[in-house]
Amino acid sequence: MVERMGSRSSEAESEPEIAIEKAELFRALTREQLARIRGQLRERRFARQRRLFFEGQPAESLWLLRRGQVRLYKASASGRVTTLETLGPGQIFGAISALDQETYPASAEAVTGGAAWCLPRSTLLRLLVEQPQIGVEILRVVSSRLHEAHERLRSFAHDPAPARLARALLDATRGGEAHITRRALAEAAGTTVETAIRVMRRFEREGLLRGEVGLLHVVDPVALRRLADQR
């Protein structure tokens, strides 16, 4: 079953995608278990900048990204947005919320066009009974994401803005291109839009990247990685 969320674009078609049996969580299933749940998965295709869900909405499904990139973010009462993480093909999100039948703790927005599979909460709970190792796999994923979140908090507090922006740019880059705005980069790096614009212009002058509207071409990833590793 396919639900369209916005129009499909050539960008979405060109994005690499992952086979479901190689994705997080699902790779822990046997071939028979995977065959049984295929019919219960709903595929949702989405356009760039489409909101998949908002913070506070009921968490009815686990999401698995098939193609494209999605960012999870939170907005403060003052309107400041912070990107928590950017996900690529094969990564799951919304798992813990779906298990607890709570609301989503953050919002999800498509960075590029793409597609995701949605697994209903009821199916996920049944899988946990049939295959307890699924719970272990979920904990492994959550533990890894928590470690990454702690590292980002440390980076926000101590690393210089150019290093954080270089890291955010590399994280968003696929095939030498990052479909991301300066605003989204600033949110991912925990800095202001003005700082992001100034640093990106510096990177362009130094020949590290070429910029277009909503698209950055990484020219020298080695130099960017050296910047990203500065502490």
# chains A, B, ... in the order shown; residues from 1 in each chain; ligands from 1
$ residues_around --residues "Leu165 (chain A)" --least-positions-apart "6" --cutoff "12 Å" --atoms "only C-alpha atoms" --output "ChimeraX atom specification"
/A:152,155-156,159,171-172,180-193,195-203,224-225,227-230
$ residues_around --residues "Leu119 (chain A)" --least-positions-apart "6" --cutoff "7 Å" --atoms "only C-alpha atoms" --output "PyMOL selection string"
chain A and resi 40-42+61-63
$ residues_around --residues "Lys22 (chain A)" --least-positions-apart "3" --cutoff "12 Å" --atoms "only C-alpha atoms" --output "CSV table (one decimal) with C-alpha atoms, in the first residue's frame"
chain,number,residue,atom,x,y,z
A,17,GLU,CA,17.3,3.0,-1.6
A,18,ILE,CA,17.8,0.0,0.7
A,19,ALA,CA,16.3,-3.5,0.6
A,25,LEU,CA,15.4,-3.9,12.9
A,26,PHE,CA,14.2,-5.8,9.9
A,27,ARG,CA,17.5,-7.5,9.3
A,28,ALA,CA,16.9,-9.3,12.7
A,29,LEU,CA,13.8,-11.0,11.3
A,30,THR,CA,13.8,-14.5,9.7
A,31,ARG,CA,12.8,-14.8,6.1
A,34,LEU,CA,9.6,-10.8,7.1
A,64,LEU,CA,11.8,2.9,8.3
A,65,LEU,CA,13.4,5.1,5.7
A,66,ARG,CA,13.6,3.4,2.4
A,89,PRO,CA,18.1,4.8,4.0
A,90,GLY,CA,17.8,1.8,6.3
A,91,GLN,CA,17.4,3.7,9.6
A,92,ILE,CA,14.3,3.5,11.8
$ closest_residue --among "A:Ala35, A:Val218, A:Glu24, A:Gly175" --to "Arg140 (chain A)" --atoms "only C-alpha atoms"
A:Glu24
$ select_by_dssp --residues "region 77-197 of chain A" --states "alpha helix (DSSP H)" --output "compact mmCIF listing (two decimals) with N, CA and C atoms, in the first residue's frame"
# COMPACT_ATOMS: atom_id res chain seq x y z
N ALA A 95 10.50 4.41 16.99
CA ALA A 95 10.35 3.06 17.54
C ALA A 95 9.91 3.07 19.00
N ILE A 96 10.63 3.79 19.84
CA ILE A 96 10.31 3.80 21.26
C ILE A 96 8.94 4.40 21.51
N SER A 97 8.61 5.46 20.80
CA SER A 97 7.29 6.07 20.96
C SER A 97 6.18 5.10 20.57
N ALA A 98 6.38 4.35 19.49
CA ALA A 98 5.38 3.38 19.06
C ALA A 98 5.21 2.27 20.08
N LEU A 99 6.30 1.88 20.72
CA LEU A 99 6.22 0.82 21.73
C LEU A 99 5.40 1.26 22.93
N ASP A 100 5.54 2.52 23.33
CA ASP A 100 4.86 3.02 24.52
C ASP A 100 3.47 3.59 24.22
N ARG A 121 1.85 -0.08 15.12
CA ARG A 121 2.27 -0.42 16.48
C ARG A 121 1.83 -1.84 16.86
N SER A 122 0.61 -2.23 16.48
CA SER A 122 0.11 -3.56 16.84
C SER A 122 0.98 -4.67 16.26
N THR A 123 1.46 -4.47 15.03
CA THR A 123 2.33 -5.45 14.40
C THR A 123 3.69 -5.50 15.10
N LEU A 124 4.19 -4.34 15.47
CA LEU A 124 5.47 -4.28 16.17
C LEU A 124 5.41 -5.01 17.50
N LEU A 125 4.33 -4.80 18.25
CA LEU A 125 4.19 -5.47 19.55
C LEU A 125 4.10 -6.99 19.38
N ARG A 126 3.42 -7.43 18.35
CA ARG A 126 3.32 -8.88 18.09
C ARG A 126 4.68 -9.45 17.73
N LEU A 127 5.46 -8.70 16.97
CA LEU A 127 6.80 -9.15 16.61
C LEU A 127 7.67 -9.32 17.85
N LEU A 128 7.51 -8.43 18.82
CA LEU A 128 8.32 -8.50 20.04
C LEU A 128 8.01 -9.78 20.82
N VAL A 129 6.76 -10.22 20.78
CA VAL A 129 6.38 -11.46 21.46
C VAL A 129 6.96 -12.67 20.72
N GLU A 130 6.86 -12.65 19.40
CA GLU A 130 7.33 -13.77 18.60
C GLU A 130 8.85 -13.84 18.53
N GLN A 133 14.37 -10.96 20.24
CA GLN A 133 15.62 -10.30 19.85
C GLN A 133 15.35 -8.99 19.12
N ILE A 134 14.09 -8.79 18.64
CA ILE A 134 13.74 -7.51 18.04
C ILE A 134 13.91 -6.40 19.07
N GLY A 135 13.51 -6.68 20.32
CA GLY A 135 13.66 -5.69 21.38
C GLY A 135 15.12 -5.35 21.62
N VAL A 136 15.98 -6.37 21.54
CA VAL A 136 17.42 -6.15 21.70
C VAL A 136 17.95 -5.27 20.57
N GLU A 137 17.47 -5.52 19.36
CA GLU A 137 17.89 -4.72 18.20
C GLU A 137 17.46 -3.27 18.37
N ILE A 138 16.23 -3.04 18.86
CA ILE A 138 15.75 -1.68 19.08
C ILE A 138 16.61 -0.97 20.12
N LEU A 139 16.92 -1.68 21.21
CA LEU A 139 17.77 -1.09 22.24
C LEU A 139 19.15 -0.75 21.71
N ARG A 140 19.68 -1.61 20.83
CA ARG A 140 20.98 -1.34 20.24
C ARG A 140 20.96 -0.05 19.42
N VAL A 141 19.90 0.11 18.61
CA VAL A 141 19.76 1.31 17.79
C VAL A 141 19.62 2.55 18.67
N VAL A 142 18.74 2.46 19.68
CA VAL A 142 18.49 3.60 20.56
C VAL A 142 19.76 3.97 21.32
N SER A 143 20.51 2.98 21.79
CA SER A 143 21.75 3.23 22.51
C SER A 143 22.75 3.97 21.63
N SER A 144 22.86 3.55 20.38
CA SER A 144 23.78 4.22 19.46
C SER A 144 23.35 5.66 19.21
N ARG A 145 22.05 5.88 19.03
CA ARG A 145 21.56 7.24 18.79
C ARG A 145 21.77 8.12 20.02
N LEU A 146 21.61 7.53 21.22
CA LEU A 146 21.80 8.30 22.44
C LEU A 146 23.27 8.74 22.57
N HIS A 147 24.17 7.84 22.22
CA HIS A 147 25.59 8.18 22.26
C HIS A 147 25.87 9.34 21.30
N GLU A 148 25.30 9.28 20.10
CA GLU A 148 25.50 10.34 19.12
C GLU A 148 24.90 11.67 19.62
N ALA A 149 23.75 11.59 20.29
CA ALA A 149 23.12 12.80 20.82
C ALA A 149 24.00 13.44 21.90
N HIS A 150 24.59 12.63 22.75
CA HIS A 150 25.49 13.16 23.78
C HIS A 150 26.70 13.83 23.14
N GLU A 151 27.21 13.24 22.07
CA GLU A 151 28.35 13.82 21.38
C GLU A 151 27.98 15.17 20.75
N ARG A 152 26.76 15.27 20.21
CA ARG A 152 26.33 16.55 19.63
C ARG A 152 26.20 17.62 20.71
N LEU A 153 25.67 17.25 21.87
CA LEU A 153 25.56 18.22 22.96
C LEU A 153 26.95 18.70 23.40
N ARG A 154 27.89 17.77 23.47
CA ARG A 154 29.25 18.17 23.81
C ARG A 154 29.82 19.11 22.76
N SER A 155 29.56 18.80 21.50
CA SER A 155 30.05 19.62 20.40
C SER A 155 29.44 21.02 20.44
N PHE A 156 28.12 21.10 20.70
CA PHE A 156 27.47 22.41 20.76
C PHE A 156 28.11 23.29 21.83
N ALA A 157 28.52 22.66 22.93
CA ALA A 157 29.04 23.42 24.05
C ALA A 157 30.51 23.82 23.88
N HIS A 158 31.29 23.01 23.14
CA HIS A 158 32.74 23.22 23.16
C HIS A 158 33.38 23.46 21.80
N ALA A 161 32.19 26.99 15.78
CA ALA A 161 31.10 26.91 14.81
C ALA A 161 31.53 26.32 13.47
N PRO A 162 32.71 26.71 12.89
CA PRO A 162 33.10 26.10 11.61
C PRO A 162 33.23 24.59 11.67
N ALA A 163 33.74 24.06 12.80
CA ALA A 163 33.86 22.61 12.94
C ALA A 163 32.49 21.96 12.99
N ARG A 164 31.56 22.55 13.73
CA ARG A 164 30.21 21.98 13.83
C ARG A 164 29.50 22.04 12.49
N LEU A 165 29.68 23.14 11.76
CA LEU A 165 29.02 23.27 10.46
C LEU A 165 29.63 22.32 9.43
N ALA A 166 30.95 22.14 9.47
CA ALA A 166 31.59 21.17 8.56
C ALA A 166 31.07 19.78 8.84
N ARG A 167 30.90 19.44 10.12
CA ARG A 167 30.40 18.12 10.50
C ARG A 167 28.96 17.94 10.03
N ALA A 168 28.12 18.97 10.22
CA ALA A 168 26.73 18.88 9.79
C ALA A 168 26.63 18.75 8.28
N LEU A 169 27.49 19.47 7.57
CA LEU A 169 27.49 19.40 6.11
C LEU A 169 27.88 18.01 5.63
N LEU A 170 28.92 17.44 6.22
CA LEU A 170 29.34 16.09 5.82
C LEU A 170 28.27 15.06 6.15
N ASP A 171 27.60 15.22 7.28
CA ASP A 171 26.53 14.28 7.65
C ASP A 171 25.38 14.32 6.65
N ALA A 172 25.15 15.49 6.05
CA ALA A 172 24.03 15.64 5.12
C ALA A 172 24.41 15.31 3.69
N ARG A 182 20.96 26.71 4.28
CA ARG A 182 21.81 27.26 5.34
C ARG A 182 21.08 27.24 6.68
N ARG A 183 19.78 27.46 6.64
CA ARG A 183 19.01 27.44 7.89
C ARG A 183 19.04 26.05 8.52
N ALA A 184 18.83 25.03 7.70
CA ALA A 184 18.86 23.66 8.23
C ALA A 184 20.25 23.30 8.75
N LEU A 185 21.30 23.77 8.07
CA LEU A 185 22.66 23.53 8.56
C LEU A 185 22.87 24.19 9.92
N ALA A 186 22.38 25.43 10.05
CA ALA A 186 22.51 26.13 11.32
C ALA A 186 21.80 25.37 12.44
N GLU A 187 20.62 24.86 12.15
CA GLU A 187 19.86 24.11 13.16
C GLU A 187 20.58 22.82 13.53
N ALA A 188 21.21 22.17 12.56
CA ALA A 188 21.93 20.94 12.84
C ALA A 188 23.22 21.19 13.62
N ALA A 189 23.80 22.37 13.44
CA ALA A 189 25.07 22.68 14.08
C ALA A 189 24.89 23.48 15.37
N VAL A 193 21.64 31.31 11.78
CA VAL A 193 21.64 31.30 10.31
C VAL A 193 22.72 32.24 9.78
N GLU A 194 22.87 33.38 10.44
CA GLU A 194 23.89 34.35 10.01
C GLU A 194 25.29 33.74 10.05
N THR A 195 25.57 33.01 11.13
CA THR A 195 26.88 32.36 11.24
C THR A 195 27.05 31.30 10.17
N ALA A 196 26.00 30.52 9.92
CA ALA A 196 26.07 29.49 8.89
C ALA A 196 26.34 30.09 7.52
N ILE A 197 25.67 31.18 7.19
CA ILE A 197 25.88 31.84 5.89
C ILE A 197 27.31 32.33 5.78
$ atom_distance --atom1 "CA of Val111 (chain A)" --atom2 "CA of Ser78 (chain A)"
23.1 Å
$ decode --residues "region 196-224 of chain A" --atoms "N, CA and C atoms" --output "JSON list (two decimals), in the first residue's frame"
[["chain", "number", "residue", "atom", "x", "y", "z"],
["A", 196, "ALA", "N", 26.00, 30.52, 9.92],
["A", 196, "ALA", "CA", 26.07, 29.49, 8.89],
["A", 196, "ALA", "C", 26.34, 30.09, 7.52],
["A", 197, "ILE", "N", 25.67, 31.18, 7.19],
["A", 197, "ILE", "CA", 25.88, 31.84, 5.89],
["A", 197, "ILE", "C", 27.31, 32.33, 5.78],
["A", 198, "ARG", "N", 27.81, 32.96, 6.84],
["A", 198, "ARG", "CA", 29.18, 33.50, 6.82],
["A", 198, "ARG", "C", 30.21, 32.38, 6.66],
["A", 199, "VAL", "N", 30.03, 31.29, 7.39],
["A", 199, "VAL", "CA", 31.00, 30.19, 7.31],
["A", 199, "VAL", "C", 30.92, 29.48, 5.96],
["A", 200, "MET", "N", 29.71, 29.29, 5.43],
["A", 200, "MET", "CA", 29.59, 28.65, 4.11],
["A", 200, "MET", "C", 30.24, 29.50, 3.02],
["A", 201, "ARG", "N", 30.12, 30.81, 3.13],
["A", 201, "ARG", "CA", 30.79, 31.69, 2.16],
["A", 201, "ARG", "C", 32.30, 31.54, 2.26],
["A", 202, "ARG", "N", 32.79, 31.42, 3.48],
["A", 202, "ARG", "CA", 34.23, 31.20, 3.67],
["A", 202, "ARG", "C", 34.65, 29.87, 3.05],
["A", 203, "PHE", "N", 33.86, 28.81, 3.28],
["A", 203, "PHE", "CA", 34.17, 27.51, 2.69],
["A", 203, "PHE", "C", 34.20, 27.58, 1.16],
["A", 204, "GLU", "N", 33.28, 28.37, 0.60],
["A", 204, "GLU", "CA", 33.25, 28.53, -0.86],
["A", 204, "GLU", "C", 34.50, 29.25, -1.34],
["A", 205, "ARG", "N", 34.89, 30.32, -0.65],
["A", 205, "ARG", "CA", 36.09, 31.08, -1.04],
["A", 205, "ARG", "C", 37.33, 30.20, -0.97],
["A", 206, "GLU", "N", 37.36, 29.28, -0.02],
["A", 206, "GLU", "CA", 38.52, 28.41, 0.15],
["A", 206, "GLU", "C", 38.47, 27.18, -0.76],
["A", 207, "GLY", "N", 37.42, 27.09, -1.58],
["A", 207, "GLY", "CA", 37.32, 26.00, -2.54],
["A", 207, "GLY", "C", 36.89, 24.67, -1.97],
["A", 208, "LEU", "N", 36.25, 24.72, -0.80],
["A", 208, "LEU", "CA", 35.79, 23.47, -0.16],
["A", 208, "LEU", "C", 34.44, 23.02, -0.70],
["A", 209, "LEU", "N", 33.64, 23.95, -1.18],
["A", 209, "LEU", "CA", 32.32, 23.59, -1.69],
["A", 209, "LEU", "C", 31.84, 24.62, -2.70],
["A", 210, "ARG", "N", 30.81, 24.26, -3.45],
["A", 210, "ARG", "CA", 30.09, 25.17, -4.34],
["A", 210, "ARG", "C", 28.63, 25.17, -3.92],
["A", 211, "GLY", "N", 28.04, 26.34, -3.87],
["A", 211, "GLY", "CA", 26.68, 26.43, -3.37],
["A", 211, "GLY", "C", 25.66, 26.85, -4.41],
["A", 212, "GLU", "N", 24.47, 26.27, -4.29],
["A", 212, "GLU", "CA", 23.29, 26.68, -5.04],
["A", 212, "GLU", "C", 22.16, 26.84, -4.02],
["A", 213, "VAL", "N", 21.00, 27.25, -4.49],
["A", 213, "VAL", "CA", 19.86, 27.39, -3.59],
["A", 213, "VAL", "C", 19.40, 26.01, -3.13],
["A", 214, "GLY", "N", 19.54, 25.73, -1.84],
["A", 214, "GLY", "CA", 19.11, 24.45, -1.29],
["A", 214, "GLY", "C", 19.99, 23.28, -1.64],
["A", 215, "LEU", "N", 21.17, 23.54, -2.27],
["A", 215, "LEU", "CA", 22.04, 22.45, -2.68],
["A", 215, "LEU", "C", 23.49, 22.88, -2.53],
["A", 216, "LEU", "N", 24.29, 22.05, -1.86],
["A", 216, "LEU", "CA", 25.71, 22.31, -1.70],
["A", 216, "LEU", "C", 26.51, 21.16, -2.30],
["A", 217, "HIS", "N", 27.50, 21.49, -3.13],
["A", 217, "HIS", "CA", 28.38, 20.48, -3.74],
["A", 217, "HIS", "C", 29.68, 20.47, -2.95],
["A", 218, "VAL", "N", 30.02, 19.36, -2.35],
["A", 218, "VAL", "CA", 31.26, 19.25, -1.59],
["A", 218, "VAL", "C", 32.40, 18.98, -2.56],
["A", 219, "VAL", "N", 33.34, 19.92, -2.62],
["A", 219, "VAL", "CA", 34.47, 19.83, -3.55],
["A", 219, "VAL", "C", 35.68, 19.17, -2.89],
["A", 220, "ASP", "N", 35.90, 19.48, -1.63],
["A", 220, "ASP", "CA", 37.09, 18.95, -0.93],
["A", 220, "ASP", "C", 36.67, 18.32, 0.40],
["A", 221, "PRO", "N", 36.16, 17.08, 0.36],
["A", 221, "PRO", "CA", 35.69, 16.44, 1.60],
["A", 221, "PRO", "C", 36.81, 16.18, 2.60],
["A", 222, "VAL", "N", 38.04, 16.00, 2.12],
["A", 222, "VAL", "CA", 39.16, 15.75, 3.03],
["A", 222, "VAL", "C", 39.42, 16.97, 3.91],
["A", 223, "ALA", "N", 39.44, 18.15, 3.29],
["A", 223, "ALA", "CA", 39.66, 19.38, 4.05],
["A", 223, "ALA", "C", 38.50, 19.64, 5.00],
["A", 224, "LEU", "N", 37.27, 19.35, 4.56],
["A", 224, "LEU", "CA", 36.12, 19.52, 5.44],
["A", 224, "LEU", "C", 36.19, 18.59, 6.63]]
